[in-house]
$ cat final-v4.txt   # compact mmCIF, C-alpha atoms
# COMPACT_ATOMS: atom_id res chain seq x y z
CA MET G 1010 46.72 0.39 -35.40
CA THR G 1011 43.91 -1.94 -36.52
CA THR G 1012 42.36 -1.71 -39.96
CA THR G 1013 39.11 -3.38 -40.94
CA THR G 1014 38.00 -3.34 -44.55
CA SER G 1015 34.53 -3.66 -45.96
CA SER G 1016 34.32 -6.89 -47.86
CA TYR G 1017 33.84 -6.46 -51.52
CA HIS G 1018 35.18 -3.34 -53.26
CA LYS G 1019 38.02 -0.88 -53.14
CA HIS G 1020 37.56 1.83 -50.54
CA SER G 1021 35.83 5.10 -51.13
CA TYR G 1022 36.12 6.31 -47.50
CA ARG G 1023 38.62 5.87 -44.71
CA PHE G 1024 37.23 6.52 -41.24
CA ILE G 1025 39.91 7.14 -38.60
CA TYR G 1026 39.24 7.02 -34.87
CA PHE G 1027 40.37 5.23 -31.74
CA ASP G 1028 39.69 1.59 -30.96
CA VAL G 1029 36.91 2.60 -28.57
CA ARG G 1030 33.30 3.65 -28.77
CA GLY G 1031 32.64 7.31 -28.39
CA ALA G 1032 32.35 10.23 -30.77
CA GLY G 1033 33.04 7.98 -33.74
CA GLU G 1034 30.64 5.12 -33.08
CA LEU G 1035 27.57 6.61 -34.78
CA CYS G 1036 29.65 7.24 -37.91
CA ARG G 1037 30.91 3.66 -37.87
CA TYR G 1038 27.35 2.33 -37.62
CA MET G 1039 26.19 4.55 -40.46
CA LEU G 1040 29.09 3.60 -42.71
CA ALA G 1041 28.55 -0.09 -41.95
CA CYS G 1042 24.83 0.19 -42.79
CA SER G 1043 25.62 1.85 -46.11
CA VAL G 1044 28.07 -0.80 -47.39
CA GLY G 1045 27.00 -2.04 -50.79
CA VAL G 1046 25.02 1.14 -51.48
CA ASP G 1047 27.86 2.63 -53.51
CA ASN G 1048 29.93 2.85 -50.36
CA ASN G 1049 33.06 1.03 -49.38
CA TRP G 1050 35.05 2.06 -46.38
CA GLU G 1051 38.07 1.29 -44.30
CA ASP G 1052 37.86 1.46 -40.52
CA VAL G 1053 41.22 2.59 -39.12
CA ARG G 1054 41.48 2.35 -35.33
CA TYR G 1055 44.28 3.70 -33.18
CA PRO G 1056 44.84 1.81 -29.94
CA MET G 1057 43.88 3.64 -26.78
CA LYS G 1058 44.57 2.47 -23.25
CA ALA G 1059 42.78 3.36 -20.07
CA ALA G 1060 45.01 5.38 -17.80
CA LEU G 1061 44.70 6.56 -14.22
CA LYS G 1062 43.23 9.88 -15.40
CA GLY G 1063 41.41 9.34 -18.70
CA PHE G 1064 43.06 7.57 -21.60
CA SER G 1065 46.56 7.37 -23.00
CA TYR G 1066 47.29 7.64 -26.71
CA GLY G 1067 49.52 5.10 -28.43
CA PRO G 1068 52.70 6.03 -30.30
CA GLU G 1069 51.07 5.59 -33.75
CA PHE G 1070 48.45 8.24 -32.99
CA GLN G 1071 51.03 10.58 -31.46
CA ARG G 1072 53.25 10.21 -34.54
CA ASP G 1073 50.42 10.85 -37.02
CA ALA G 1074 49.04 13.76 -35.00
CA ALA G 1075 52.51 15.35 -34.77
CA SER G 1076 52.93 15.03 -38.54
CA GLY G 1077 49.73 17.04 -39.10
CA GLY G 1078 47.52 14.12 -40.09
CA PHE G 1079 44.55 15.47 -38.15
CA ASP G 1080 45.06 19.22 -38.56
CA CYS G 1081 41.72 19.47 -40.39
CA ASN G 1082 40.10 18.65 -37.05
CA MET G 1083 42.37 20.69 -34.78
CA GLY G 1084 44.50 17.62 -34.10
CA ASN G 1085 41.56 15.50 -32.94
CA LEU G 1086 39.71 12.43 -34.14
CA PRO G 1087 37.52 11.24 -35.75
CA VAL G 1088 38.31 12.18 -39.33
CA LEU G 1089 36.93 10.90 -42.60
CA GLN G 1090 39.09 10.71 -45.70
CA ILE G 1091 37.24 10.70 -49.00
CA LEU G 1092 39.32 8.72 -51.46
CA GLN G 1093 39.67 9.58 -55.14
CA ASN G 1094 38.23 7.04 -57.58
CA ASN G 1095 38.37 4.30 -54.96
CA ASP G 1096 42.15 4.76 -54.77
CA SER G 1097 42.95 3.87 -51.17
CA THR G 1098 46.26 5.76 -51.32
CA ARG G 1099 44.92 9.17 -52.30
CA ALA G 1100 42.49 11.28 -50.29
CA ILE G 1101 40.79 14.16 -52.11
CA ALA G 1102 39.46 15.50 -48.81
CA THR G 1103 39.94 14.89 -45.12
CA VAL G 1104 37.29 16.27 -42.78
CA GLY G 1105 36.72 16.10 -39.05
CA GLN G 1106 33.91 16.49 -36.54
CA SER G 1107 31.77 13.43 -35.91
CA HIS G 1108 28.42 15.18 -36.35
CA ALA G 1109 29.44 16.72 -39.68
CA ILE G 1110 30.64 13.29 -40.83
CA ALA G 1111 27.35 11.66 -39.74
CA ARG G 1112 25.33 14.27 -41.62
CA PHE G 1113 27.49 13.83 -44.72
CA VAL G 1114 27.00 10.05 -44.69
CA ALA G 1115 23.26 10.49 -44.14
CA ARG G 1116 22.95 12.90 -47.07
CA ARG G 1117 25.14 10.75 -49.28
CA HIS G 1118 22.90 7.74 -48.75
CA GLY G 1119 19.49 9.41 -48.85
CA TRP G 1120 18.77 9.28 -45.13
CA MET G 1121 18.01 13.01 -44.81
CA GLY G 1122 14.60 12.91 -46.52
CA THR G 1123 13.62 14.20 -49.94
CA SER G 1124 13.28 17.93 -49.29
CA LEU G 1125 14.92 20.71 -47.33
CA LEU G 1126 12.01 20.60 -44.89
CA ASP G 1127 12.56 16.85 -44.32
CA GLU G 1128 16.25 17.53 -43.77
CA LEU G 1129 15.44 20.29 -41.29
CA LYS G 1130 13.12 18.01 -39.30
CA ILE G 1131 15.64 15.14 -39.25
CA ASP G 1132 18.40 17.53 -38.24
CA ALA G 1133 16.22 18.95 -35.44
CA VAL G 1134 15.58 15.47 -33.99
CA TYR G 1135 19.32 14.74 -34.27
CA GLU G 1136 20.11 17.89 -32.30
CA CYS G 1137 17.49 17.02 -29.67
CA CYS G 1138 19.21 13.66 -29.22
CA ARG G 1139 22.53 15.49 -28.78
CA ASP G 1140 20.87 17.66 -26.10
CA ILE G 1141 19.66 14.54 -24.30
CA LYS G 1142 23.15 13.06 -24.44
CA SER G 1143 24.61 16.29 -23.03
CA ALA G 1144 22.04 16.28 -20.23
CA TRP G 1145 22.96 12.66 -19.44
CA TYR G 1146 26.61 13.61 -19.05
CA ARG G 1147 25.65 16.43 -16.65
CA VAL G 1148 23.27 14.23 -14.63
CA LYS G 1149 25.58 11.26 -14.21
CA GLN G 1150 28.12 13.50 -12.46
CA LYS G 1151 25.63 14.28 -9.67
CA PRO G 1152 25.14 12.12 -6.57
CA ASN G 1153 22.33 9.68 -7.43
CA GLY G 1154 22.34 11.14 -10.94
CA LYS G 1155 22.25 7.82 -12.76
CA LYS G 1156 19.33 6.65 -10.62
CA GLN G 1157 17.50 9.97 -11.11
CA TRP G 1158 17.91 9.86 -14.89
CA PHE G 1159 15.85 6.68 -15.18
CA VAL G 1160 13.15 7.68 -12.67
CA ALA G 1161 9.64 7.31 -14.08
CA THR G 1162 7.18 10.16 -13.83
CA ASP G 1163 3.43 9.94 -13.64
CA ASN G 1164 0.99 12.07 -15.65
CA ASN G 1165 1.41 14.94 -13.18
CA ASN G 1166 5.20 14.94 -13.71
CA THR G 1167 5.84 14.02 -10.09
CA THR G 1168 8.80 11.93 -9.15
CA ALA G 1169 10.65 10.74 -6.12
CA VAL G 1170 13.33 13.33 -6.87
CA ASP G 1171 13.27 17.11 -6.84
CA ASP G 1172 10.41 18.27 -9.09
CA ASN G 1173 12.40 21.31 -10.15
CA ASP G 1174 15.04 19.10 -11.76
CA ASP G 1175 13.98 18.40 -15.33
CA ASP G 1176 16.80 15.93 -16.02
CA THR G 1177 15.06 12.59 -16.45
CA LEU G 1178 15.11 10.52 -19.60
CA GLN G 1179 11.33 10.18 -19.66
CA ARG G 1180 10.80 13.95 -19.54
CA TYR G 1181 13.23 14.49 -22.38
CA CYS G 1182 11.61 11.81 -24.50
CA LYS G 1183 8.15 13.34 -23.96
CA LYS G 1184 9.51 16.61 -25.32
CA LEU G 1185 10.58 14.97 -28.56
$ encode --input "final-v4.txt" --output "C-alpha cells"
Amino acid sequence: MTTTTSSYHKHSYRFIYFDVRGAGELCRYMLACSVGVDNNWEDVRYPMKAALKGFSYGPEFQRDAASGGFDCNMGNLPVLQILQNNDSTRAIATVGQSHAIARFVARRHGWMGTSLLDELKIDAVYECCRDIKSAWYRVKQKPNGKKQWFVATDNNNTTAVDDNDDDTLQRYCKKL
C-alpha cells in the first residue's frame, strides 16, 4: 500500500482507493486542489494488478476488506475518512461513494456556489457529465464505437454514421 501525504499539516482527511485512476480520480484532484485551504489529506492507495479478466486485488486490500474496513461502502472503494482534530489515527466518520465524496469536498471548499439555486445548477451539470461518461462506456463497446463517438456533425446534425444514433460527444456537448 502506498501513502502520499500533503506537505505541510497534519491530516484532516484520508482518501482510500486503488493505485489506479477510475472512480477515485476526481476526488483526488479535488482534494489536491484544496490543499492549504484548511484541508490536509492523506492519499492511501492499494496496489491493483491487471489480470486476464479485469483486475486482481492485493492481499492488503483483501485483508482490510475482510476486516470490515470498507463496510460503509458495501465493501468497495473509494472511501473518505474524516479525521478528528487532525488526528491521523482517529476517524470520526468514514463514507463511501465517489460522487458523494466529490460533492462533500466541493461544498466544504465553496465550489458549489453561494445559494441553493447555484448548487442545483452545478449539481445538474455534474450529473450531465456523468450521463456523458455513461454514454461513452456504452458506445465504446460497439463496433466502431470509439470512432463514432468523436464524429463531427454539421449544423443539420448529419454524420457519417447512423443519424438515429445520438451517441456522439459533440451532440452531448451541444445539449449542455
$ axis_aligned_box --input "final-v4.txt" --around "region 1118-1130 of chain G" --padding-each-side "4 Å" --output "JSON"
{"center_x": 17.5, "center_y": 14.2, "center_z": -44.6, "size_x": 18.9, "size_y": 21.0, "size_z": 18.6}
$ closest_residue --input "final-v4.txt" --among "G:Gly1084, G:Trp1158, G:Leu1089, G:Leu1178" --to "Ile1101 (chain G)" --atoms "only C-alpha atoms"
G:Leu1089
$ closest_residue --input "final-v4.txt" --among "G:Gln1157, G:Ser1107, G:Thr1177, G:Ser1065" --to "Ile1141 (chain G)" --atoms "all atoms listed in the file"
G:Thr1177
$ atom_distance --input "final-v4.txt" --atom1 "CA of Tyr1066 (chain G)" --atom2 "CA of Gln1106 (chain G)"
18.8 Å
$ residues_near_point --input "final-v4.txt" --point "(37.7, 13.3, -44.8)" --cutoff "6 Å" --atoms "all atoms listed in the file" --output "list in words"
Val1088, Leu1089, Gln1090, Ile1091, Ala1102, Thr1103 and Val1104 of chain G
$ residues_around --input "final-v4.txt" --residues "region 1067-1081 of chain G" --least-positions-apart "2" --cutoff "12 Å" --atoms "all atoms listed in the file" --output "PyMOL selection string"
chain G and resi 1010-1011+1024-1028+1053-1060+1064-1065+1083-1090+1100+1102-1106
$ atom_distance --input "final-v4.txt" --atom1 "CA of Asp1140 (chain G)" --atom2 "CA of Glu1034 (chain G)"
17.4 Å
$ residues_around --input "final-v4.txt" --residues "Ala1109 (chain G)" --least-positions-apart "6" --cutoff "12 Å" --atoms "all atoms listed in the file" --output "list of chain:residue names"
G:Ala1032, G:Gly1033, G:Leu1035, G:Cys1036, G:Asn1082, G:Pro1087, G:Val1088, G:Leu1089, G:Thr1103, G:Ala1115, G:Arg1116, G:Asp1132, G:Tyr1135, G:Glu1136
$ write_last_selection --input "final-v4.txt" --atoms "C-alpha atoms" --output "PDB file, keeping the file's coordinate frame"
ATOM      1  CA  ALA G1032      32.350  10.230 -30.770  1.00  0.00           C
ATOM      2  CA  GLY G1033      33.040   7.980 -33.740  1.00  0.00           C
ATOM      3  CA  LEU G1035      27.570   6.610 -34.780  1.00  0.00           C
ATOM      4  CA  CYS G1036      29.650   7.240 -37.910  1.00  0.00           C
ATOM      5  CA  ASN G1082      40.100  18.650 -37.050  1.00  0.00           C
ATOM      6  CA  PRO G1087      37.520  11.240 -35.750  1.00  0.00           C
ATOM      7  CA  VAL G1088      38.310  12.180 -39.330  1.00  0.00           C
ATOM      8  CA  LEU G1089      36.930  10.900 -42.600  1.00  0.00           C
ATOM      9  CA  THR G1103      39.940  14.890 -45.120  1.00  0.00           C
ATOM     10  CA  ALA G1115      23.260  10.490 -44.140  1.00  0.00           C
ATOM     11  CA  ARG G1116      22.950  12.900 -47.070  1.00  0.00           C
ATOM     12  CA  ASP G1132      18.400  17.530 -38.240  1.00  0.00           C
ATOM     13  CA  TYR G1135      19.320  14.740 -34.270  1.00  0.00           C
ATOM     14  CA  GLU G1136      20.110  17.890 -32.300  1.00  0.00           C
TER      15      GLU G1136
END
$ closest_residue --input "final-v4.txt" --among "G:Leu1126, G:Phe1159, G:Ile1131, G:Gly1063" --to "Gln1179 (chain G)" --atoms "only C-alpha atoms"
G:Phe1159
$ closest_residue --input "final-v4.txt" --among "G:Glu1051, G:Tyr1022, G:Gln1093, G:Leu1040" --to "Arg1112 (chain G)" --atoms "all atoms listed in the file"
G:Leu1040
$ atom_distance --input "final-v4.txt" --atom1 "CA of Lys1184 (chain G)" --atom2 "CA of Arg1147 (chain G)"
18.3 Å
$ build_atoms --input "final-v4.txt" --residues "region 1114-1125 of chain G" --atoms "all heavy atoms" --output "mmCIF file, in the frame of the given file"
data_model
loop_
_atom_site.group_PDB
_atom_site.id
_atom_site.type_symbol
_atom_site.label_atom_id
_atom_site.label_comp_id
_atom_site.auth_asym_id
_atom_site.auth_seq_id
_atom_site.Cartn_x
_atom_site.Cartn_y
_atom_site.Cartn_z
ATOM 1 N N VAL G 1114 27.338 11.427 -44.338
ATOM 2 C CA VAL G 1114 27.000 10.050 -44.690
ATOM 3 C C VAL G 1114 25.490 9.917 -44.884
ATOM 4 O O VAL G 1114 25.028 9.276 -45.836
ATOM 5 C CB VAL G 1114 27.531 9.051 -43.632
ATOM 6 C CG1 VAL G 1114 27.023 7.641 -43.892
ATOM 7 C CG2 VAL G 1114 29.051 9.078 -43.594
ATOM 8 N N ALA G 1115 24.717 10.548 -44.018
ATOM 9 C CA ALA G 1115 23.260 10.490 -44.140
ATOM 10 C C ALA G 1115 22.797 11.110 -45.457
ATOM 11 O O ALA G 1115 21.959 10.531 -46.165
ATOM 12 C CB ALA G 1115 22.601 11.186 -42.953
ATOM 13 N N ARG G 1116 23.324 12.272 -45.809
ATOM 14 C CA ARG G 1116 22.950 12.900 -47.070
ATOM 15 C C ARG G 1116 23.373 12.051 -48.265
ATOM 16 O O ARG G 1116 22.621 11.884 -49.224
ATOM 17 C CB ARG G 1116 23.599 14.284 -47.192
ATOM 18 C CG ARG G 1116 22.857 15.354 -46.485
ATOM 19 C CD ARG G 1116 23.441 16.740 -46.792
ATOM 20 N NE ARG G 1116 23.043 17.643 -45.740
ATOM 21 C CZ ARG G 1116 23.781 17.919 -44.657
ATOM 22 N NH1 ARG G 1116 24.983 17.399 -44.519
ATOM 23 N NH2 ARG G 1116 23.332 18.726 -43.728
ATOM 24 N N ARG G 1117 24.574 11.532 -48.188
ATOM 25 C CA ARG G 1117 25.140 10.750 -49.280
ATOM 26 C C ARG G 1117 24.303 9.515 -49.584
ATOM 27 O O ARG G 1117 24.226 9.069 -50.713
ATOM 28 C CB ARG G 1117 26.585 10.333 -48.908
ATOM 29 C CG ARG G 1117 27.276 9.410 -49.859
ATOM 30 C CD ARG G 1117 27.676 10.146 -51.128
ATOM 31 N NE ARG G 1117 28.411 9.286 -52.014
ATOM 32 C CZ ARG G 1117 27.853 8.516 -52.937
ATOM 33 N NH1 ARG G 1117 26.556 8.480 -53.069
ATOM 34 N NH2 ARG G 1117 28.595 7.764 -53.728
ATOM 35 N N HIS G 1118 23.636 8.985 -48.577
ATOM 36 C CA HIS G 1118 22.900 7.740 -48.750
ATOM 37 C C HIS G 1118 21.384 7.916 -48.646
ATOM 38 O O HIS G 1118 20.656 6.942 -48.454
ATOM 39 C CB HIS G 1118 23.421 6.686 -47.781
ATOM 40 C CG HIS G 1118 24.855 6.370 -48.080
ATOM 41 N ND1 HIS G 1118 25.233 5.638 -49.174
ATOM 42 C CD2 HIS G 1118 26.001 6.768 -47.478
ATOM 43 C CE1 HIS G 1118 26.548 5.574 -49.232
ATOM 44 N NE2 HIS G 1118 27.034 6.246 -48.214
ATOM 45 N N GLY G 1119 20.922 9.155 -48.759
ATOM 46 C CA GLY G 1119 19.490 9.410 -48.850
ATOM 47 C C GLY G 1119 18.730 9.285 -47.545
ATOM 48 O O GLY G 1119 17.515 9.075 -47.555
ATOM 49 N N TRP G 1120 19.424 9.428 -46.434
ATOM 50 C CA TRP G 1120 18.770 9.280 -45.130
ATOM 51 C C TRP G 1120 18.334 10.615 -44.531
ATOM 52 O O TRP G 1120 17.941 10.675 -43.372
ATOM 53 C CB TRP G 1120 19.698 8.566 -44.152
ATOM 54 C CG TRP G 1120 20.101 7.201 -44.589
ATOM 55 C CD1 TRP G 1120 19.426 6.364 -45.426
ATOM 56 C CD2 TRP G 1120 21.277 6.511 -44.210
ATOM 57 N NE1 TRP G 1120 20.116 5.200 -45.591
ATOM 58 C CE2 TRP G 1120 21.259 5.260 -44.855
ATOM 59 C CE3 TRP G 1120 22.356 6.827 -43.389
ATOM 60 C CZ2 TRP G 1120 22.268 4.325 -44.703
ATOM 61 C CZ3 TRP G 1120 23.360 5.890 -43.235
ATOM 62 C CH2 TRP G 1120 23.311 4.658 -43.878
ATOM 63 N N MET G 1121 18.391 11.689 -45.314
ATOM 64 C CA MET G 1121 18.010 13.010 -44.810
ATOM 65 C C MET G 1121 16.690 13.480 -45.430
ATOM 66 O O MET G 1121 16.395 14.664 -45.430
ATOM 67 C CB MET G 1121 19.108 14.029 -45.078
ATOM 68 C CG MET G 1121 20.361 13.816 -44.258
ATOM 69 S SD MET G 1121 20.135 13.984 -42.486
ATOM 70 C CE MET G 1121 20.091 15.758 -42.303
ATOM 71 N N GLY G 1122 15.884 12.547 -45.930
ATOM 72 C CA GLY G 1122 14.600 12.910 -46.520
ATOM 73 C C GLY G 1122 14.734 13.315 -47.976
ATOM 74 O O GLY G 1122 15.793 13.182 -48.585
ATOM 75 N N THR G 1123 13.638 13.855 -48.514
ATOM 76 C CA THR G 1123 13.620 14.200 -49.940
ATOM 77 C C THR G 1123 13.469 15.701 -50.180
ATOM 78 O O THR G 1123 13.390 16.125 -51.322
ATOM 79 C CB THR G 1123 12.465 13.464 -50.648
ATOM 80 O OG1 THR G 1123 11.226 13.804 -50.001
ATOM 81 C CG2 THR G 1123 12.677 11.959 -50.615
ATOM 82 N N SER G 1124 13.410 16.481 -49.121
ATOM 83 C CA SER G 1124 13.280 17.930 -49.290
ATOM 84 C C SER G 1124 14.079 18.635 -48.197
ATOM 85 O O SER G 1124 14.505 18.015 -47.213
ATOM 86 C CB SER G 1124 11.805 18.344 -49.195
ATOM 87 O OG SER G 1124 11.339 18.197 -47.859
ATOM 88 N N LEU G 1125 14.242 19.923 -48.360
ATOM 89 C CA LEU G 1125 14.920 20.710 -47.330
ATOM 90 C C LEU G 1125 14.150 20.680 -46.013
ATOM 91 O O LEU G 1125 14.750 20.666 -44.940
ATOM 92 C CB LEU G 1125 15.123 22.147 -47.790
ATOM 93 C CG LEU G 1125 16.234 22.357 -48.816
ATOM 94 C CD1 LEU G 1125 16.244 23.807 -49.300
ATOM 95 C CD2 LEU G 1125 17.580 21.990 -48.232
#
